[in-house]
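Just upload_8.cif here, mmCIF, C-alpha atoms:
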data_run
#
loop_
_atom_site.label_atom_id
_atom_site.label_comp_id
_atom_site.auth_asym_id
_atom_site.auth_seq_id
_atom_site.Cartn_x
_atom_site.Cartn_y
_atom_site.Cartn_z
CA MET A 1 67.99 145.87 58.81
CA ARG A 2 67.86 143.85 62.01
CA VAL A 3 64.76 144.71 64.02
CA TYR A 4 63.72 143.54 67.46
CA VAL A 5 60.02 142.77 67.81
CA PRO A 6 58.56 142.91 71.33
CA LEU A 7 56.08 140.16 72.16
CA THR A 8 54.65 138.14 75.01
CA LEU A 9 54.65 134.35 75.12
CA PRO A 10 51.01 134.24 73.87
CA GLY A 11 52.07 136.63 71.10
CA LEU A 12 54.94 134.30 70.19
CA ALA A 13 52.52 131.35 70.18
CA GLU A 14 50.22 133.25 67.83
CA ALA A 15 53.13 134.11 65.53
CA TYR A 16 54.13 130.44 65.56
CA GLN A 17 50.59 129.38 64.61
CA THR A 18 50.18 131.96 61.84
CA GLY A 19 53.79 131.89 60.69
CA GLU A 20 53.93 135.71 60.78
CA LEU A 21 55.15 138.46 63.06
CA GLY A 22 52.76 141.39 63.15
CA ALA A 23 50.03 142.23 60.71
CA GLY A 24 51.84 145.32 59.50
CA PRO A 25 52.42 148.00 60.20
CA PHE A 26 53.81 147.22 63.64
CA VAL A 27 56.37 148.69 66.02
CA ALA A 28 59.80 147.17 66.46
CA TYR A 29 63.19 148.50 67.59
CA ALA A 30 66.42 148.88 65.65
CA VAL A 31 69.66 150.82 65.50
CA THR A 32 68.27 154.16 64.33
CA PRO A 33 70.17 157.45 63.91
CA ALA A 34 68.55 158.74 67.11
CA LEU A 35 69.62 155.62 69.04
CA ARG A 36 73.19 156.01 67.72
CA GLU A 37 73.26 159.63 68.80
CA TRP A 38 71.80 158.86 72.22
CA TYR A 39 74.10 155.88 72.90
CA LEU A 40 77.26 157.58 71.60
CA SER A 41 78.86 154.37 70.38
CA ASP A 42 80.09 153.08 67.06
CA ASP A 43 80.14 149.46 68.27
CA ILE A 44 77.30 147.77 66.37
CA GLU A 45 76.99 145.00 68.95
CA GLU A 46 76.48 147.54 71.74
CA LEU A 47 73.95 149.43 69.63
CA GLU A 48 72.04 146.26 68.79
CA TYR A 49 72.00 145.33 72.47
CA ALA A 50 70.55 148.79 73.22
CA ALA A 51 67.83 148.21 70.59
CA LEU A 52 67.13 144.76 72.08
CA SER A 53 66.83 146.37 75.53
CA ARG A 54 64.35 148.92 74.18
CA ALA A 55 62.29 146.04 72.74
CA ALA A 56 62.44 144.25 76.11
CA LEU A 57 60.95 147.34 77.76
CA ALA A 58 58.22 147.39 75.09
CA SER A 59 57.57 143.70 75.86
CA LEU A 60 57.15 144.67 79.51
CA ARG A 61 54.54 147.24 78.40
CA LEU A 62 52.71 144.46 76.54
CA LEU A 63 52.74 142.36 79.72
CA THR A 64 51.16 145.26 81.61
CA ALA A 65 48.31 145.22 79.09
CA GLU A 66 48.01 141.39 79.16
CA PRO A 67 47.62 140.39 82.83
CA GLU A 68 46.94 136.75 81.91
CA ALA A 69 50.21 136.35 79.97
CA PRO A 70 53.14 134.58 81.66
CA ARG A 71 55.41 137.19 83.18
CA ARG A 72 58.34 136.75 80.81
CA ARG A 73 59.54 139.33 78.30
CA VAL A 74 59.93 138.09 74.72
CA VAL A 75 61.81 139.70 71.82
CA VAL A 76 62.21 138.26 68.32
CA ALA A 77 65.19 139.39 66.24
CA VAL A 78 64.47 139.41 62.51
CA ASP A 79 66.07 140.93 59.44
CA VAL A 80 63.79 142.96 57.19
CA PRO A 81 64.52 144.91 54.01
CA ASP A 82 65.50 148.50 54.84
CA ARG A 83 62.54 149.78 52.84
CA ASP A 84 60.15 147.89 55.16
CA ALA A 85 61.31 149.60 58.38
CA SER A 86 61.28 153.33 58.97
CA ALA A 87 61.91 155.58 61.93
CA ASP A 88 59.81 158.68 62.45
CA PRO A 89 62.39 161.49 62.75
CA ASP A 90 60.03 163.55 64.92
CA ARG A 91 59.44 160.65 67.34
CA GLY A 92 63.16 159.87 67.31
CA LEU A 93 63.69 162.91 69.52
CA ASP A 94 61.34 161.49 72.17
CA PRO A 95 63.43 159.53 74.73
CA ALA A 96 60.56 157.04 75.07
CA ALA A 97 60.78 156.27 71.33
CA LEU A 98 64.54 155.76 70.97
CA GLY A 99 65.19 153.02 68.44
CA GLU A 100 61.52 152.72 67.51
CA VAL A 101 60.76 151.80 63.90
CA ARG A 102 57.55 150.97 62.08
CA VAL A 103 57.67 147.78 60.03
CA SER A 104 55.31 148.23 57.10
CA ARG A 105 54.21 144.65 56.57
CA ALA A 106 54.01 141.28 58.25
CA VAL A 107 57.26 139.33 58.43
CA ALA A 108 57.49 135.56 58.11
CA LEU A 109 58.50 134.05 61.44
CA ALA A 110 60.72 131.71 59.42
CA LYS A 111 62.95 134.73 58.71
CA ALA A 112 63.64 135.29 62.42
CA ALA A 113 67.27 135.09 63.47
CA SER A 114 66.67 134.37 67.16
CA VAL A 115 64.27 134.66 70.06
CA HIS A 116 65.13 136.21 73.42
CA VAL A 117 63.09 135.28 76.51
CA ASP A 118 63.41 135.80 80.25
CA ALA A 119 64.55 132.85 82.33
CA ASP A 120 62.12 131.41 84.86
CA ASP A 121 63.99 133.10 87.72
CA ALA A 122 63.13 136.55 86.29
CA GLU A 123 59.39 136.01 86.72
CA ALA A 124 59.04 137.68 90.14
CA ASP A 125 60.98 140.78 89.09
CA VAL A 126 59.19 141.00 85.73
CA THR A 127 55.82 140.65 87.50
CA ALA A 128 56.72 143.45 89.92
CA ALA A 129 58.04 145.62 87.05
CA ALA A 130 54.86 145.16 85.00
CA GLN A 131 52.78 146.21 88.01
CA ALA A 132 55.02 149.22 88.72
CA LEU A 133 55.30 150.45 85.12
CA PRO A 134 52.26 152.80 85.14
CA ALA A 135 53.52 154.52 88.31
CA ALA A 136 57.06 154.71 86.88
CA ASP A 137 55.67 156.33 83.74
CA ALA A 138 53.96 158.89 85.99
CA GLY A 139 57.33 159.82 87.52
CA ASP A 140 57.42 157.66 90.66
CA ASP A 141 61.14 157.04 91.36
CA ASP A 142 60.47 154.02 93.59
CA ALA A 143 58.38 152.42 90.85
CA GLN A 144 61.12 153.18 88.31
CA PHE A 145 63.58 151.35 90.57
CA VAL A 146 61.29 148.29 90.46
CA VAL A 147 61.02 148.52 86.65
CA ASP A 148 64.81 148.77 86.40
CA GLY A 149 65.02 145.56 88.44
CA ALA A 150 63.64 143.61 85.48
CA GLU A 151 66.51 144.95 83.37
CA ASP A 152 68.94 143.22 85.73
CA HIS A 153 67.85 139.96 84.09
CA GLU A 154 69.46 139.19 80.75
CA LEU A 155 67.14 137.71 78.17
CA LEU A 156 68.16 134.20 77.19
CA TRP A 157 68.97 133.49 73.53
CA PHE A 158 67.03 130.77 71.73
CA ALA A 159 67.36 129.47 68.20
CA THR A 160 64.21 129.72 66.13
CA GLN A 161 63.99 125.92 66.10
CA GLU A 162 63.29 126.15 69.85
CA ILE A 163 60.10 128.22 69.43
CA PRO A 164 57.82 125.14 69.57
CA ASN A 165 59.31 124.21 72.96
CA LEU A 166 58.98 127.78 74.25
CA VAL A 167 55.31 128.08 73.35
CA ALA A 168 54.46 124.49 74.42
CA ARG A 169 55.86 125.13 77.91
CA GLU A 170 53.46 127.97 78.41
CA ALA A 171 50.38 126.32 76.90
#

Take the structure in the file and give it back as structure tokens.
Amino acid sequence: MRVYVPLTLPGLAEAYQTGELGAGPFVAYAVTPALREWYLSDDIEELEYAALSRAALASLRLLTAEPEAPRRRVVVAVDVPDRDASADPDRGLDPAALGEVRVSRAVALAKAASVHVDADDAEADVTAAAQALPAADAGDDDAQFVVDGAEDHELLWFATQEIPNLVAREA
């Protein structure tokens, strides 16, 4: 199963140093039955993009909790055995948890398929979105508009061989 692991750049640097994503169990995003039902599509690429987008929002939540982290969302795509990732059927009904899975154990970073990171020009919008996220969660429509502004930026695709350059730039 392909899962999308939300991180920050310091989190990616830590994964690069340790060689592992997460300590297990940890939250990631994938094409779950609830996501399929919500998205109403049979196109696997569209569904995977939706799961990636959910992980990007989770990365934004991590940035809100890490004010010192560079304001760029990070998502690592990695394939894990199906038995290592499970969706909670009760949480699957919660719109905030669409696509959420729990990965039961750490995953070797070497198994990652790709890394997705905001471009430098997204930094202002991602910064504003991270600041607005708590108000958006509380129902503020103006704040939600600001959060949605970060989604206007596509995450850039990087090969796993580029991780050293990504983490060195932010060191």

(message) I need the residue nearest Leu109 in chain A from this list: A:Asp121, A:Glu48, A:Glu20, A:Glu151. Use all atoms listed in the file for the distance.
(response)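 Smallest distance to Leu109 in chain A is found for A:Glu20.
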
(request) For each of A:Val126, A:Ala97, A:Leu156, A:Val76, take the minimum atom-to-atom distance to Val3 in chain A, counting all atoms listed in the file, then give the residue where this is smallest. (result)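 Smallest distance to Val3 in chain A is found for A:Val76.
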
(request) Work out how far apart CA of Leu166 in chain A and CA of Val115 in chain A are and give it in Å to one decimal. (result)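 Computed distance, CA of Leu166 in chain A to CA of Val115 in chain A, equals 9.6 Å.
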
(request) Could you check how far CA of Thr8 in chain A sits from CA of Glu45 in chain A, in Å to one decimal? (result)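 So the answer is 24.1 Å.
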
(request) Using CA of Ala55 in chain A and CA of Ser86 in chain A as the two end points, give the distance in Å to one decimal. (result)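 Distance reported for this atom pair: 15.6 Å.
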
(request) Evaluate the PyMOL selection byres ((chain A and resi 163) around 12) here and jot the selected residues down as a VMD selection string. (result) chain A and resid 9 to 17 19 74 to 76 109 to 110 112 to 117 157 to 162 164 to 170

(request) Name the closest residue to Tyr39 in chain A among the candidates A:Ala69, A:Leu7, A:Leu98, A:Ala87; distances are taken between atoms, counting only C-alpha atoms. (result) A:Leu98

(message) Calculated over all atoms listed in the file, which of the candidates A:Leu47, A:Met1, A:Ala34, A:Glu154 has the smallest distance to Arg91 in chain A?
(response)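 The answer is A:Ala34, which sits nearest to Arg91 in chain A.
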
Evaluate the PyMOL selection byres ((chain A and resi 105) around 6) against this structure - the residues, as a JSON list (two decimals) with C-alpha atoms, in the frame of the given file, please.
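Result file follows (result_39.json):
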[["chain", "number", "residue", "atom", "x", "y", "z"],
["A", 24, "GLY", "CA", 51.84, 145.32, 59.50],
["A", 25, "PRO", "CA", 52.42, 148.00, 60.20],
["A", 103, "VAL", "CA", 57.67, 147.78, 60.03],
["A", 104, "SER", "CA", 55.31, 148.23, 57.10],
["A", 106, "ALA", "CA", 54.01, 141.28, 58.25]]

(request) On this file, the PyMOL selection byres ((chain A and resi 131) around 10) gives some set of residues; write that set as a list in words. (result) Leu60, Arg61, Leu63, Thr64, Pro67, Asp125, Val126, Thr127, Ala128, Ala129, Ala130, Ala132, Leu133, Pro134, Ala135, Ala136, Ala143, Val146 and Val147 of chain A

(request) Could you tell me which of A:Ala23, A:Asp120, A:Arg54, A:Pro33 comes closest to Asp90 in chain A if we count all atoms listed in the file? (result)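 That would be A:Pro33, the residue with the smallest distance to Asp90 in chain A.
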
Provide range 70-98 of chain A rebuilt to N, CA and C atoms, formatted as a JSON list (two decimals), keeping the file's coordinate frame.
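What landed in selection.json:
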[["chain", "number", "residue", "atom", "x", "y", "z"],
["A", 70, "PRO", "N", 52.01, 134.90, 80.76],
["A", 70, "PRO", "CA", 53.14, 134.58, 81.66],
["A", 70, "PRO", "C", 54.08, 135.78, 81.75],
["A", 71, "ARG", "N", 54.60, 136.01, 82.91],
["A", 71, "ARG", "CA", 55.41, 137.19, 83.18],
["A", 71, "ARG", "C", 56.85, 137.00, 82.73],
["A", 72, "ARG", "N", 57.01, 136.88, 81.43],
["A", 72, "ARG", "CA", 58.34, 136.75, 80.81],
["A", 72, "ARG", "C", 58.37, 137.62, 79.56],
["A", 73, "ARG", "N", 59.39, 138.47, 79.48],
["A", 73, "ARG", "CA", 59.54, 139.33, 78.30],
["A", 73, "ARG", "C", 60.04, 138.48, 77.13],
["A", 74, "VAL", "N", 59.57, 138.83, 75.93],
["A", 74, "VAL", "CA", 59.93, 138.09, 74.72],
["A", 74, "VAL", "C", 60.29, 139.11, 73.63],
["A", 75, "VAL", "N", 61.40, 138.86, 72.94],
["A", 75, "VAL", "CA", 61.81, 139.70, 71.82],
["A", 75, "VAL", "C", 62.28, 138.78, 70.70],
["A", 76, "VAL", "N", 61.78, 139.02, 69.50],
["A", 76, "VAL", "CA", 62.21, 138.26, 68.32],
["A", 76, "VAL", "C", 63.08, 139.16, 67.47],
["A", 77, "ALA", "N", 64.27, 138.66, 67.13],
["A", 77, "ALA", "CA", 65.19, 139.39, 66.24],
["A", 77, "ALA", "C", 64.96, 138.88, 64.82],
["A", 78, "VAL", "N", 64.74, 139.80, 63.90],
["A", 78, "VAL", "CA", 64.47, 139.41, 62.51],
["A", 78, "VAL", "C", 65.05, 140.46, 61.58],
["A", 79, "ASP", "N", 65.54, 140.01, 60.45],
["A", 79, "ASP", "CA", 66.07, 140.93, 59.44],
["A", 79, "ASP", "C", 64.97, 141.23, 58.43],
["A", 80, "VAL", "N", 64.78, 142.52, 58.17],
["A", 80, "VAL", "CA", 63.79, 142.96, 57.19],
["A", 80, "VAL", "C", 64.48, 143.86, 56.18],
["A", 81, "PRO", "N", 63.95, 143.96, 54.97],
["A", 81, "PRO", "CA", 64.52, 144.91, 54.01],
["A", 81, "PRO", "C", 64.44, 146.33, 54.57],
["A", 82, "ASP", "N", 65.47, 147.12, 54.33],
["A", 82, "ASP", "CA", 65.50, 148.50, 54.84],
["A", 82, "ASP", "C", 64.25, 149.27, 54.46],
["A", 83, "ARG", "N", 63.72, 149.03, 53.29],
["A", 83, "ARG", "CA", 62.54, 149.78, 52.84],
["A", 83, "ARG", "C", 61.29, 149.45, 53.65],
["A", 84, "ASP", "N", 61.31, 148.32, 54.37],
["A", 84, "ASP", "CA", 60.15, 147.89, 55.16],
["A", 84, "ASP", "C", 60.15, 148.42, 56.59],
["A", 85, "ALA", "N", 61.23, 149.08, 57.01],
["A", 85, "ALA", "CA", 61.31, 149.60, 58.38],
["A", 85, "ALA", "C", 61.73, 151.06, 58.33],
["A", 86, "SER", "N", 60.95, 151.90, 58.98],
["A", 86, "SER", "CA", 61.28, 153.33, 58.97],
["A", 86, "SER", "C", 61.11, 153.92, 60.36],
["A", 87, "ALA", "N", 61.99, 154.85, 60.66],
["A", 87, "ALA", "CA", 61.91, 155.58, 61.93],
["A", 87, "ALA", "C", 61.28, 156.94, 61.66],
["A", 88, "ASP", "N", 60.42, 157.36, 62.55],
["A", 88, "ASP", "CA", 59.81, 158.68, 62.45],
["A", 88, "ASP", "C", 60.81, 159.68, 63.04],
["A", 89, "PRO", "N", 61.37, 160.58, 62.23],
["A", 89, "PRO", "CA", 62.39, 161.49, 62.75],
["A", 89, "PRO", "C", 61.87, 162.39, 63.87],
["A", 90, "ASP", "N", 60.59, 162.72, 63.85],
["A", 90, "ASP", "CA", 60.03, 163.55, 64.92],
["A", 90, "ASP", "C", 59.93, 162.76, 66.23],
["A", 91, "ARG", "N", 59.53, 161.49, 66.14],
["A", 91, "ARG", "CA", 59.44, 160.65, 67.34],
["A", 91, "ARG", "C", 60.82, 160.24, 67.83],
["A", 92, "GLY", "N", 61.80, 160.25, 66.93],
["A", 92, "GLY", "CA", 63.16, 159.87, 67.31],
["A", 92, "GLY", "C", 63.74, 160.77, 68.38],
["A", 93, "LEU", "N", 63.22, 161.98, 68.50],
["A", 93, "LEU", "CA", 63.69, 162.91, 69.52],
["A", 93, "LEU", "C", 63.08, 162.63, 70.89],
["A", 94, "ASP", "N", 62.01, 161.84, 70.92],
["A", 94, "ASP", "CA", 61.34, 161.49, 72.17],
["A", 94, "ASP", "C", 62.13, 160.36, 72.85],
["A", 95, "PRO", "N", 62.65, 160.59, 74.07],
["A", 95, "PRO", "CA", 63.43, 159.53, 74.73],
["A", 95, "PRO", "C", 62.68, 158.21, 74.85],
["A", 96, "ALA", "N", 61.35, 158.26, 74.96],
["A", 96, "ALA", "CA", 60.56, 157.04, 75.07],
["A", 96, "ALA", "C", 60.51, 156.26, 73.75],
["A", 97, "ALA", "N", 60.87, 156.91, 72.64],
["A", 97, "ALA", "CA", 60.78, 156.27, 71.33],
["A", 97, "ALA", "C", 62.15, 155.97, 70.72],
["A", 98, "LEU", "N", 63.21, 156.04, 71.51],
["A", 98, "LEU", "CA", 64.54, 155.76, 70.97],
["A", 98, "LEU", "C", 64.60, 154.37, 70.35]]
